[in-house]
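The structure appears below as structure tokens.
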Amino acid sequence: MTRNVTINPPKMCQPMGAILAYMGVHGCVPLVHGSQGCSTYPRYNIARHFRESAEVAVSSLAEDAAVYGGAKNLTEAIKNIKSRLHPDAIGICTTCMSETIGDDVKLISKKALTTGDTTIIFPASTPSYVGTHVTGYDNALKTLVQTLAVKSEPNNKINIITGIINPGDIREIKDMLRLMNVQSIFLSDISETLDTPILPGGHKPLLPEGGSELSDIADSANSLGTIAICKTAGSAATYLSNKFNVPSILDPAPIGVINTDRFVQNICKLSGSSISEEIIKERGRLIDSMVDVHHYMFGRKVAIFGDPDIVSAIVRFCAEAGMNPTVAMTATKHKDFAPDIKAVNSEYNTDTQILEGTDLYEFHEVVKTHGSELMLGNSKGKDLADDEDVPLVRFGFPVYDRVGVYRYPILGYNGSIYLLDLMTNAILGHKYDPNKLHQ
């Protein structure tokens, strides 16, 4: 039967993703060109997930803007942000309303700057009626490099495009690069801006410390290459490759043994660096961890949903650990999602059902058919897990019914160990009966 309604979709609008990209830039204030609710919703989700306040401005469009346009509101918003927060940059993301009425955001923002004003403005097109938060992140990140990147002298660095991952994941990738003695430019970096420490004295600046420096974004055109951790955020890498001949690598997210191996090999390929002894030990600890829990995890049915890059990487990791991924679902369609899952099915003789561009209602229906002893996804899957009486291991964004998820990595060898422990303990702790573990 054809269904003409979406029920519980695990996705958000484009401005949500664009705001996350802008918040990873040092001294940048996101500005939503739309109604009040278009900024309230993202701020609410950021506060629930990261437990941090978010400075997100809004042009506050109302009914009259539908007739007269939103130029006046956007101009006033830019002036207010500059006078109150004194940012280095303003990242504008459009909404359904501002796109529908046809506001020329680039021209309006250019006119809003006075002579000699050094504030950088990033105008990204992010209407909510197409795409998802993943699309919005990609569009905003591409706008960053289009606006700032300029060719000069080689910098001997590697660009790392993060995608929508957590602060703990970014810190883990930074640690891996340090162990390999590789310099990097992160595009963009929320590891400090959305996980802000309270320092002695309790002083909190108007805008959080950290984030990608504007000078580093400009310098990204001179790097040895670009690696996109999430392929769905690869437009900036493609732009740098086409415009400045910076080699780009769009490979699966580094979760599990094989995908993390590929990430490390790509780093070596671009930088000429060798794999450090400590990295080799981290890989060995992951394999040892998989051996330790193999008798608990072998054959366990697991259902996974979330953003396409992370879901496909976790599916492979579960198969590596001897589990049986029964369903893999993403609300954001991407050309590589299905092929990545099919490759896992072929290599590990699994039969993972692939769902793209759909919602958690359909995901739940397939779970009922194919079974699940464990579910992985964000907080939107809580009710489904309760209905199926299986534990839910939370990852991705947003997670609002647990605290601290954003602090801990699931990427890299160390992050994969943590994820494996979470999955194993979830199974052991859910109505634990040792007599049933091997049935």
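Lettering and numbering for the structure tokens are positional, with chains as A, B, ... in the shown order, residues counted from 1 in each chain, and ligands counted from 1 in the shown order.
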
Residues of stretch 295-380 of chain A at most 12 Å from stretch 214-231 of chain A: nearest atom pair and distance in Å, only C-alpha atoms, as JSON lines:
```
{"residue": "A:Asp307", "atom": "CA", "partner": "A:Cys230", "partner_atom": "CA", "distance": 9.4}
{"residue": "A:Pro308", "atom": "CA", "partner": "A:Cys230", "partner_atom": "CA", "distance": 8.6}
{"residue": "A:Asp309", "atom": "CA", "partner": "A:Cys230", "partner_atom": "CA", "distance": 5.5}
{"residue": "A:Ile310", "atom": "CA", "partner": "A:Cys230", "partner_atom": "CA", "distance": 7.6}
{"residue": "A:Val311", "atom": "CA", "partner": "A:Cys230", "partner_atom": "CA", "distance": 10.8}
{"residue": "A:Ser312", "atom": "CA", "partner": "A:Cys230", "partner_atom": "CA", "distance": 10.6}
{"residue": "A:Ala313", "atom": "CA", "partner": "A:Cys230", "partner_atom": "CA", "distance": 10.0}
{"residue": "A:His334", "atom": "CA", "partner": "A:Lys231", "partner_atom": "CA", "distance": 9.0}
{"residue": "A:Lys335", "atom": "CA", "partner": "A:Lys231", "partner_atom": "CA", "distance": 9.9}
{"residue": "A:Asp336", "atom": "CA", "partner": "A:Lys231", "partner_atom": "CA", "distance": 8.4}
{"residue": "A:Phe337", "atom": "CA", "partner": "A:Lys231", "partner_atom": "CA", "distance": 9.8}
{"residue": "A:Asp340", "atom": "CA", "partner": "A:Lys231", "partner_atom": "CA", "distance": 11.7}
```

Query raised in the report: If we count only C-alpha atoms, what is near A:Lys11 at a cut-off of 12 Å, once residues fewer than 2 positions away on the same chain are taken out, given as JSON, numbers by chain?
Result: {"A": [6, 7, 8, 9, 13, 14, 15, 16, 17, 45, 128, 130, 131, 132, 133, 134, 135, 136, 305, 306, 307, 308, 329, 330, 331, 332, 333, 356, 357, 358, 359, 360, 377, 378, 379, 380, 381, 396, 397, 398]}

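Across the model, the gap from atom CA of A:Thr196 to atom CA of A:Glu209 is 7.6 Å.
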
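Within 8 Å of stretch 62-77 of chain A there are Leu31, His33, Ser35, Ala57, Val58, Ile81, Met97, Ser98, Ile101, Gly102, Asp103, Val105, Ile108, Ser109 and Ala112 of chain A, counting only C-alpha atoms and ignoring same-chain residues fewer than 4 positions away.
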
Go ahead and write the selection's residues with N, CA and C atoms as a short mmCIF file (atom, residue, chain, number, x, y, z; two decimals), in the first residue's frame.
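Final output, saved to again17.cif:
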```cif
data_model
loop_
_atom_site.label_atom_id
_atom_site.label_comp_id
_atom_site.auth_asym_id
_atom_site.auth_seq_id
_atom_site.Cartn_x
_atom_site.Cartn_y
_atom_site.Cartn_z
N LEU A 31 23.64 33.21 11.02
CA LEU A 31 22.49 34.08 10.89
C LEU A 31 21.47 33.40 9.98
N HIS A 33 18.29 33.55 7.84
CA HIS A 33 17.45 34.53 7.15
C HIS A 33 16.07 33.92 6.97
N SER A 35 12.14 33.19 9.61
CA SER A 35 11.28 33.55 10.74
C SER A 35 11.95 33.15 12.06
N ALA A 57 21.72 33.93 15.29
CA ALA A 57 20.92 35.13 15.04
C ALA A 57 19.86 34.83 13.98
N VAL A 58 18.89 35.71 13.88
CA VAL A 58 17.79 35.52 12.93
C VAL A 58 17.33 36.87 12.41
N ILE A 81 24.25 42.23 14.77
CA ILE A 81 25.26 41.25 15.14
C ILE A 81 26.62 41.92 15.28
N MET A 97 11.22 30.52 3.38
CA MET A 97 10.58 31.80 3.09
C MET A 97 11.49 32.72 2.29
N SER A 98 12.74 32.88 2.75
CA SER A 98 13.64 33.80 2.05
C SER A 98 13.98 33.31 0.65
N ILE A 101 10.67 33.96 -1.64
CA ILE A 101 10.45 35.35 -2.04
C ILE A 101 11.58 35.86 -2.92
N GLY A 102 12.69 35.11 -2.98
CA GLY A 102 13.73 35.42 -3.94
C GLY A 102 14.73 36.47 -3.51
N ASP A 103 14.99 36.61 -2.22
CA ASP A 103 15.98 37.58 -1.75
C ASP A 103 17.37 37.25 -2.29
N VAL A 105 20.61 37.26 -1.32
CA VAL A 105 21.32 37.36 -0.04
C VAL A 105 22.73 37.89 -0.23
N ILE A 108 22.46 41.70 -0.85
CA ILE A 108 21.99 42.40 0.35
C ILE A 108 23.08 42.47 1.40
N SER A 109 23.77 41.34 1.64
CA SER A 109 24.81 41.32 2.66
C SER A 109 26.00 42.19 2.27
N ALA A 112 25.19 45.69 3.04
CA ALA A 112 25.08 45.95 4.49
C ALA A 112 26.42 46.29 5.12
#
```

Query raised in the report: Got a sec: who's within 8 Å of A:Thr424, counting only C-alpha atoms, leaving out chain neighbours fewer than 4 positions off, as a list of chain:residue names?
Result: A:Val293, A:Tyr296, A:Met297, A:Leu420, A:Leu428

Query raised in the report: Residues at most 9 Å from A:Val366, counting only C-alpha atoms, excluding those fewer than 3 positions away in the same chain, as a VMD selection string?
Result: chain A and resid 326 to 327 353 361 to 363 369 to 371

Report task. Find the residues near A:Arg316: any atom within 10 Å, counting only C-alpha atoms, skip ones fewer than 2 places away on the same chain, and give them as number ranges by chain. Result -> A: 252, 255-259, 311-314, 318-323, 325, 340-341, 343-345, 347-348

Query raised in the report: When you draw a straight line from atom CA of A:Ala89 to atom CA of A:Ala236, how long is it in Å?
Result: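 Computing it gives 18.5 Å between the two atoms.
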
Report summary line: Of A:Val246, A:Ala124, A:Asp88, A:Leu207, the one nearest to A:Thr147 when counting only C-alpha atoms is A:Ala124

Query raised in the report: Given the choices A:Ser191, A:Thr352, A:Asn139, A:Asn242, which gets closest to A:Gly24 if the distance is worked out from only C-alpha atoms?
Result: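 Nearest candidate to A:Gly24 out of A:Ser191, A:Thr352, A:Asn139, A:Asn242: A:Ser191.
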
Query - Test item, helix (DSSP H, G or I) assignment across stretch 207-431 of chain A, answer as a PyMOL selection string - result: chain A and resi 214-222+231-233+235-244+256-271+277-297+308-320+337-348+360-370+379-388+405-407+412-429

Query raised in the report: Between A:Val32, A:Ile46, A:Ile249, A:Met290, which one has atoms that come closest to A:Ser60, using only C-alpha atoms?
Result: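 Looking at the shortest contact to A:Ser60, the residue is A:Val32.
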
**Report entry** Secondary structure check, strand (DSSP E) residues of stretch 180-347 of chain A, as a PyMOL selection string
**Finding:** chain A and resi 184-187+225-228+248-250+301-305+324-330

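Separating atom CA of A:Leu250 from atom CA of A:Lys142 is a distance of 14.8 Å.
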